[in-house]
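Quick notes on the structure that follows.
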Amino acid sequence: MRRAFRETLQTLLLALLLFAALQGGIQNYRVEGSSMEPTIESNEYLLVNKLVYYRIDKARLALYLPFIDAKPGDVVYLFHPPERGDIVVFHYPRDPSRDFVKRVIGVPGDTVEINNGRVYVNGLPQDEQYVSDMARSSMGRITLAAEQYFVLGDNRPHS
């Protein structure tokens, strides 16, 4: 009886640990809208790895681990920061209750410009085979600061 109780308790604890790890690391999203078509259609579901871009504040970590040298603003990523071409899900800055799905076009330090629908990163035209339809819009040159990313949908006229 004791052995059965112990095994049941171990199984429940393991299940709880796995559930917590999955909840913390993976989330599902339902895509609403056509901004990422044809790559991702409206009403499709995505499973998102939330840990791949997890940031660690080195200055905060240095408070607890004295052998770490860090200045305010120093961050390190658990795996890697977002890279050009990645599809990301993020909270809309003007309404954090809404989530957007877009493709990373520019990363910190990049210069991005759009001329008659053609995207230029660091002065080079981008070969965007995933774009379904070109918008004919233009945007002046901007340089992305640290922790800034430039994102666009694949369906440019509807993004």
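Each chain of the structure tokens is named A, B, ... in the order shown, its residues numbered from 1; ligands are numbered from 1 in display order.
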
- Task: Per DSSP on the backbone, filter chain A down to the residues in strand (DSSP E or B) and report them as a PyMOL selection string.
- Result: chain A and resi 26-30+45-49+55-57+75-77+87-92+95-106+111-115+118-121+124-125+133+139-143+150-152+155

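Close contacts of A:Asn49, defined as residues with an atom at most 9 Å away when counting only C-alpha atoms, with chain neighbours fewer than 6 positions off set aside, comprise Gly25, Ile26 and Gln27 of chain A.
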
- Message: as a count of residues only, please: every residue in chain A that DSSP puts in helix (DSSP H, G or I).
- Response: 34

- Item | Distance of atom CA of A:Met139 from atom CA of A:Asn115, expressed in Å to one decimal place | 6.5 Å

Please provide as a CSV table (one decimal) with all heavy atoms, in the first residue's frame all residues within 12 Å of stretch 105-113 of chain A, with the sequence filter that same-chain residues fewer than 6 positions apart are discarded (counting only C-alpha atoms).
```csv
chain,number,residue,atom,x,y,z
A,81,PRO,N,18.6,35.8,-30.1
A,81,PRO,CA,17.6,36.8,-30.3
A,81,PRO,C,16.9,36.6,-31.6
A,81,PRO,O,17.3,35.7,-32.4
A,81,PRO,CB,18.5,38.1,-30.4
A,81,PRO,CG,19.8,37.6,-30.8
A,81,PRO,CD,20.0,36.2,-30.3
A,82,PRO,N,15.8,37.3,-31.8
A,82,PRO,CA,15.1,37.1,-33.1
A,82,PRO,C,16.0,37.4,-34.3
A,82,PRO,O,16.8,38.4,-34.2
A,82,PRO,CB,13.9,38.1,-33.0
A,82,PRO,CG,13.7,38.3,-31.5
A,82,PRO,CD,15.1,38.2,-30.9
A,83,GLU,N,15.9,36.7,-35.3
A,83,GLU,CA,16.8,36.8,-36.5
A,83,GLU,C,15.9,37.2,-37.7
A,83,GLU,O,14.7,36.9,-37.8
A,83,GLU,CB,17.5,35.5,-36.8
A,83,GLU,CG,18.5,35.1,-35.6
A,83,GLU,CD,19.1,33.7,-35.8
A,83,GLU,OE1,18.6,33.0,-36.6
A,83,GLU,OE2,20.0,33.5,-35.1
A,84,ARG,N,16.6,37.9,-38.6
A,84,ARG,CA,15.9,38.3,-39.9
A,84,ARG,C,15.3,37.0,-40.5
A,84,ARG,O,15.9,36.0,-40.7
A,84,ARG,CB,16.9,38.9,-40.8
A,84,ARG,CG,16.3,39.7,-41.9
A,84,ARG,CD,17.3,40.5,-42.7
A,84,ARG,NE,18.0,41.5,-41.9
A,84,ARG,CZ,19.3,41.3,-41.6
A,84,ARG,NH1,20.0,40.3,-42.0
A,84,ARG,NH2,19.9,42.3,-40.9
A,85,GLY,N,14.0,37.1,-40.9
A,85,GLY,CA,13.3,36.0,-41.5
A,85,GLY,C,12.4,35.2,-40.6
A,85,GLY,O,11.6,34.4,-41.0
A,86,ASP,N,12.7,35.3,-39.2
A,86,ASP,CA,11.9,34.6,-38.3
A,86,ASP,C,10.4,35.1,-38.2
A,86,ASP,O,10.2,36.3,-38.4
A,86,ASP,CB,12.5,34.7,-36.8
A,86,ASP,CG,13.7,34.0,-36.6
A,86,ASP,OD1,14.2,33.2,-37.5
A,86,ASP,OD2,14.3,34.1,-35.5
A,87,ILE,N,9.5,34.2,-38.0
A,87,ILE,CA,8.1,34.6,-37.8
A,87,ILE,C,7.9,34.6,-36.3
A,87,ILE,O,8.2,33.7,-35.6
A,87,ILE,CB,7.2,33.6,-38.4
A,87,ILE,CG1,7.3,33.6,-40.0
A,87,ILE,CG2,5.7,33.9,-38.0
A,87,ILE,CD1,6.5,32.6,-40.7
A,88,VAL,N,7.4,35.8,-35.8
A,88,VAL,CA,7.3,36.0,-34.4
A,88,VAL,C,5.9,36.4,-34.0
A,88,VAL,O,5.1,36.9,-34.8
A,88,VAL,CB,8.3,37.1,-33.9
A,88,VAL,CG1,9.7,36.7,-34.1
A,88,VAL,CG2,8.0,38.4,-34.6
A,119,VAL,N,11.7,46.3,-50.3
A,119,VAL,CA,12.3,46.5,-48.9
A,119,VAL,C,13.8,46.4,-49.1
A,119,VAL,O,14.3,45.5,-49.7
A,119,VAL,CB,11.8,45.4,-48.0
A,119,VAL,CG1,12.5,45.5,-46.6
A,119,VAL,CG2,10.3,45.5,-47.8
A,120,TYR,N,14.5,47.4,-48.5
A,120,TYR,CA,15.9,47.4,-48.5
A,120,TYR,C,16.4,47.4,-47.0
A,120,TYR,O,15.9,48.1,-46.2
A,120,TYR,CB,16.5,48.7,-49.1
A,120,TYR,CG,16.1,48.9,-50.6
A,120,TYR,CD1,14.9,49.3,-51.0
A,120,TYR,CD2,17.1,48.5,-51.5
A,120,TYR,CE1,14.6,49.4,-52.3
A,120,TYR,CE2,16.8,48.6,-52.9
A,120,TYR,CZ,15.5,49.1,-53.3
A,120,TYR,OH,15.2,49.2,-54.6
A,121,VAL,N,17.3,46.5,-46.8
A,121,VAL,CA,17.9,46.4,-45.4
A,121,VAL,C,19.4,46.6,-45.6
A,121,VAL,O,20.1,45.9,-46.4
A,121,VAL,CB,17.7,45.0,-44.8
A,121,VAL,CG1,18.4,44.9,-43.4
A,121,VAL,CG2,16.2,44.7,-44.6
A,122,ASN,N,19.9,47.6,-44.9
A,122,ASN,CA,21.3,48.0,-45.0
A,122,ASN,C,21.7,48.3,-46.4
A,122,ASN,O,22.8,48.0,-46.9
A,122,ASN,CB,22.3,47.0,-44.4
A,122,ASN,CG,21.9,46.7,-42.9
A,122,ASN,OD1,21.6,47.7,-42.2
A,122,ASN,ND2,22.0,45.5,-42.5
A,123,GLY,N,20.8,49.0,-47.2
A,123,GLY,CA,21.0,49.4,-48.5
A,123,GLY,C,20.9,48.3,-49.6
A,123,GLY,O,20.9,48.5,-50.8
A,124,LEU,N,20.6,47.0,-49.2
A,124,LEU,CA,20.5,45.9,-50.1
A,124,LEU,C,19.0,45.5,-50.3
A,124,LEU,O,18.3,45.3,-49.3
A,124,LEU,CB,21.3,44.7,-49.6
A,124,LEU,CG,22.8,44.9,-49.4
A,124,LEU,CD1,23.4,43.7,-48.7
A,124,LEU,CD2,23.5,45.2,-50.7
A,125,PRO,N,18.6,45.4,-51.5
A,125,PRO,CA,17.2,44.9,-51.8
A,125,PRO,C,17.0,43.5,-51.3
A,125,PRO,O,17.9,42.7,-51.4
A,125,PRO,CB,17.0,45.0,-53.3
A,125,PRO,CG,18.4,45.0,-53.8
A,125,PRO,CD,19.3,45.5,-52.8
A,126,GLN,N,15.9,43.2,-50.6
A,126,GLN,CA,15.7,41.9,-50.1
A,126,GLN,C,14.9,41.0,-51.0
A,126,GLN,O,14.0,41.4,-51.7
A,126,GLN,CB,14.9,42.0,-48.8
A,126,GLN,CG,15.6,42.8,-47.7
A,126,GLN,CD,16.9,42.2,-47.3
A,126,GLN,OE1,16.9,41.2,-46.7
A,126,GLN,NE2,18.0,42.9,-47.7
A,127,ASP,N,15.4,39.8,-51.1
A,127,ASP,CA,14.7,38.8,-52.0
A,127,ASP,C,13.7,38.1,-51.1
A,127,ASP,O,14.0,37.2,-50.3
A,127,ASP,CB,15.7,37.8,-52.5
A,127,ASP,CG,15.1,36.7,-53.3
A,127,ASP,OD1,14.0,36.9,-53.9
A,127,ASP,OD2,15.6,35.6,-53.5
A,128,GLU,N,12.5,38.5,-51.1
A,128,GLU,CA,11.4,38.0,-50.2
A,128,GLU,C,10.5,37.1,-51.0
A,128,GLU,O,9.4,37.5,-51.4
A,128,GLU,CB,10.7,39.2,-49.6
A,128,GLU,CG,11.6,40.1,-48.8
A,128,GLU,CD,10.8,41.3,-48.3
A,128,GLU,OE1,10.3,42.1,-49.1
A,128,GLU,OE2,10.7,41.4,-47.0
A,131,VAL,N,6.7,36.7,-49.9
A,131,VAL,CA,5.7,37.8,-50.1
A,131,VAL,C,4.7,37.5,-51.2
A,131,VAL,O,5.1,37.1,-52.3
A,131,VAL,CB,6.4,39.2,-50.4
A,131,VAL,CG1,5.4,40.3,-50.7
A,131,VAL,CG2,7.3,39.6,-49.2
A,137,SER,N,3.8,50.9,-51.3
A,137,SER,CA,4.0,52.0,-50.4
A,137,SER,C,5.5,52.2,-50.2
A,137,SER,O,6.4,51.4,-50.7
A,137,SER,CB,3.5,51.6,-49.0
A,137,SER,OG,4.0,50.4,-48.6
A,138,SER,N,5.9,53.4,-49.6
A,138,SER,CA,7.3,53.7,-49.4
A,138,SER,C,7.4,54.2,-47.9
A,138,SER,O,6.5,54.6,-47.3
A,138,SER,CB,7.7,54.8,-50.3
A,138,SER,OG,7.7,54.4,-51.7
A,139,MET,N,8.6,54.0,-47.4
A,139,MET,CA,8.9,54.5,-46.1
A,139,MET,C,10.4,55.0,-46.1
A,139,MET,O,11.3,54.3,-46.6
A,139,MET,CB,8.8,53.3,-45.1
A,139,MET,CG,9.1,53.7,-43.6
A,139,MET,SD,9.2,52.2,-42.6
A,139,MET,CE,10.9,51.7,-42.9
A,140,GLY,N,10.6,56.1,-45.5
A,140,GLY,CA,12.0,56.6,-45.4
A,140,GLY,C,12.9,55.7,-44.6
A,140,GLY,O,12.4,54.9,-43.8
A,141,ARG,N,14.2,55.9,-44.7
A,141,ARG,CA,15.2,55.1,-44.0
A,141,ARG,C,15.1,55.3,-42.5
A,141,ARG,O,15.1,56.5,-42.1
A,141,ARG,CB,16.6,55.5,-44.6
A,141,ARG,CG,17.7,54.6,-44.0
A,141,ARG,CD,19.0,55.0,-44.6
A,141,ARG,NE,18.9,54.9,-46.1
A,141,ARG,CZ,19.7,55.4,-47.0
A,141,ARG,NH1,20.8,55.9,-46.5
A,141,ARG,NH2,19.5,55.3,-48.3
A,142,ILE,N,15.1,54.2,-41.8
A,142,ILE,CA,15.2,54.3,-40.3
A,142,ILE,C,16.3,53.3,-39.9
A,142,ILE,O,16.6,52.3,-40.6
A,142,ILE,CB,13.9,53.9,-39.7
A,142,ILE,CG1,13.5,52.4,-40.0
A,142,ILE,CG2,12.8,54.9,-40.0
A,142,ILE,CD1,12.4,51.9,-39.2
A,143,THR,N,17.0,53.7,-38.8
A,143,THR,CA,18.0,52.8,-38.2
A,143,THR,C,17.4,52.3,-36.9
A,143,THR,O,17.0,53.1,-36.0
A,143,THR,CB,19.3,53.6,-38.0
A,143,THR,OG1,19.8,54.0,-39.3
A,143,THR,CG2,20.4,52.7,-37.4
A,144,LEU,N,17.5,51.0,-36.7
A,144,LEU,CA,16.9,50.3,-35.5
A,144,LEU,C,17.9,50.4,-34.4
A,144,LEU,O,19.1,50.1,-34.5
A,144,LEU,CB,16.6,48.9,-35.8
A,144,LEU,CG,15.6,48.7,-37.0
A,144,LEU,CD1,15.4,47.2,-37.3
A,144,LEU,CD2,14.2,49.3,-36.6
A,145,ALA,N,17.4,50.8,-33.2
A,145,ALA,CA,18.2,50.9,-32.0
A,145,ALA,C,18.3,49.5,-31.3
A,145,ALA,O,17.7,48.6,-31.8
A,145,ALA,CB,17.6,51.9,-31.1
A,146,ALA,N,19.1,49.5,-30.3
A,146,ALA,CA,19.1,48.2,-29.5
A,146,ALA,C,17.7,47.8,-29.1
A,146,ALA,O,16.9,48.6,-28.7
A,146,ALA,CB,20.0,48.4,-28.3
A,147,GLU,N,17.5,46.5,-29.2
A,147,GLU,CA,16.2,45.9,-28.8
A,147,GLU,C,15.0,46.4,-29.6
A,147,GLU,O,13.9,46.2,-29.3
A,147,GLU,CB,15.9,46.2,-27.3
A,147,GLU,CG,16.9,45.7,-26.3
A,147,GLU,CD,17.1,44.2,-26.4
A,147,GLU,OE1,16.1,43.4,-26.4
A,147,GLU,OE2,18.2,43.7,-26.5
A,148,GLN,N,15.3,46.9,-30.8
A,148,GLN,CA,14.2,47.3,-31.8
A,148,GLN,C,14.3,46.3,-32.9
A,148,GLN,O,15.4,46.0,-33.4
A,148,GLN,CB,14.4,48.7,-32.3
A,148,GLN,CG,13.9,49.8,-31.4
A,148,GLN,CD,13.9,51.1,-32.1
A,148,GLN,OE1,14.8,51.4,-32.9
A,148,GLN,NE2,13.0,52.0,-31.7
A,149,TYR,N,13.1,45.9,-33.4
A,149,TYR,CA,13.0,45.0,-34.5
A,149,TYR,C,11.9,45.6,-35.5
A,149,TYR,O,11.0,46.2,-35.1
A,149,TYR,CB,12.5,43.6,-34.1
A,149,TYR,CG,13.6,42.9,-33.2
A,149,TYR,CD1,13.6,43.2,-31.9
A,149,TYR,CD2,14.6,42.1,-33.8
A,149,TYR,CE1,14.6,42.6,-31.1
A,149,TYR,CE2,15.5,41.6,-33.0
A,149,TYR,CZ,15.6,41.8,-31.7
A,149,TYR,OH,16.5,41.2,-30.9
A,150,PHE,N,12.2,45.4,-36.8
A,150,PHE,CA,11.2,45.8,-37.8
A,150,PHE,C,10.5,44.6,-38.3
A,150,PHE,O,11.2,43.7,-38.8
A,150,PHE,CB,12.0,46.6,-38.9
A,150,PHE,CG,11.0,47.3,-39.9
A,150,PHE,CD1,10.5,48.5,-39.6
A,150,PHE,CD2,10.7,46.6,-41.1
A,150,PHE,CE1,9.7,49.1,-40.5
A,150,PHE,CE2,9.9,47.2,-42.0
A,150,PHE,CZ,9.3,48.5,-41.7
A,151,VAL,N,9.2,44.6,-38.3
A,151,VAL,CA,8.4,43.4,-38.7
A,151,VAL,C,7.4,43.8,-39.7
A,151,VAL,O,6.9,44.9,-39.7
A,151,VAL,CB,7.8,42.7,-37.5
A,151,VAL,CG1,8.8,42.2,-36.6
A,151,VAL,CG2,6.8,43.6,-36.8
A,152,LEU,N,7.1,42.9,-40.6
A,152,LEU,CA,6.0,43.1,-41.6
A,152,LEU,C,5.3,41.8,-41.9
A,152,LEU,O,5.9,40.7,-41.6
A,152,LEU,CB,6.6,43.5,-43.0
A,152,LEU,CG,7.2,44.9,-43.1
A,152,LEU,CD1,8.0,45.1,-44.4
A,152,LEU,CD2,6.2,46.0,-42.9
A,153,GLY,N,4.1,41.8,-42.3
A,153,GLY,CA,3.4,40.6,-42.7
A,153,GLY,C,3.8,40.2,-44.2
A,153,GLY,O,4.3,41.1,-44.9
A,154,ASP,N,3.6,39.0,-44.5
A,154,ASP,CA,3.9,38.5,-45.9
A,154,ASP,C,2.9,39.0,-46.9
A,154,ASP,O,3.3,39.2,-48.1
A,154,ASP,CB,4.0,37.0,-45.9
A,154,ASP,CG,5.1,36.4,-45.1
A,154,ASP,OD1,6.0,37.2,-44.6
A,154,ASP,OD2,5.2,35.2,-45.0
```

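Atom pair atom CA of A:Val101 / atom CA of A:Arg156 has a distance of 13.1 Å (rounded to one decimal).
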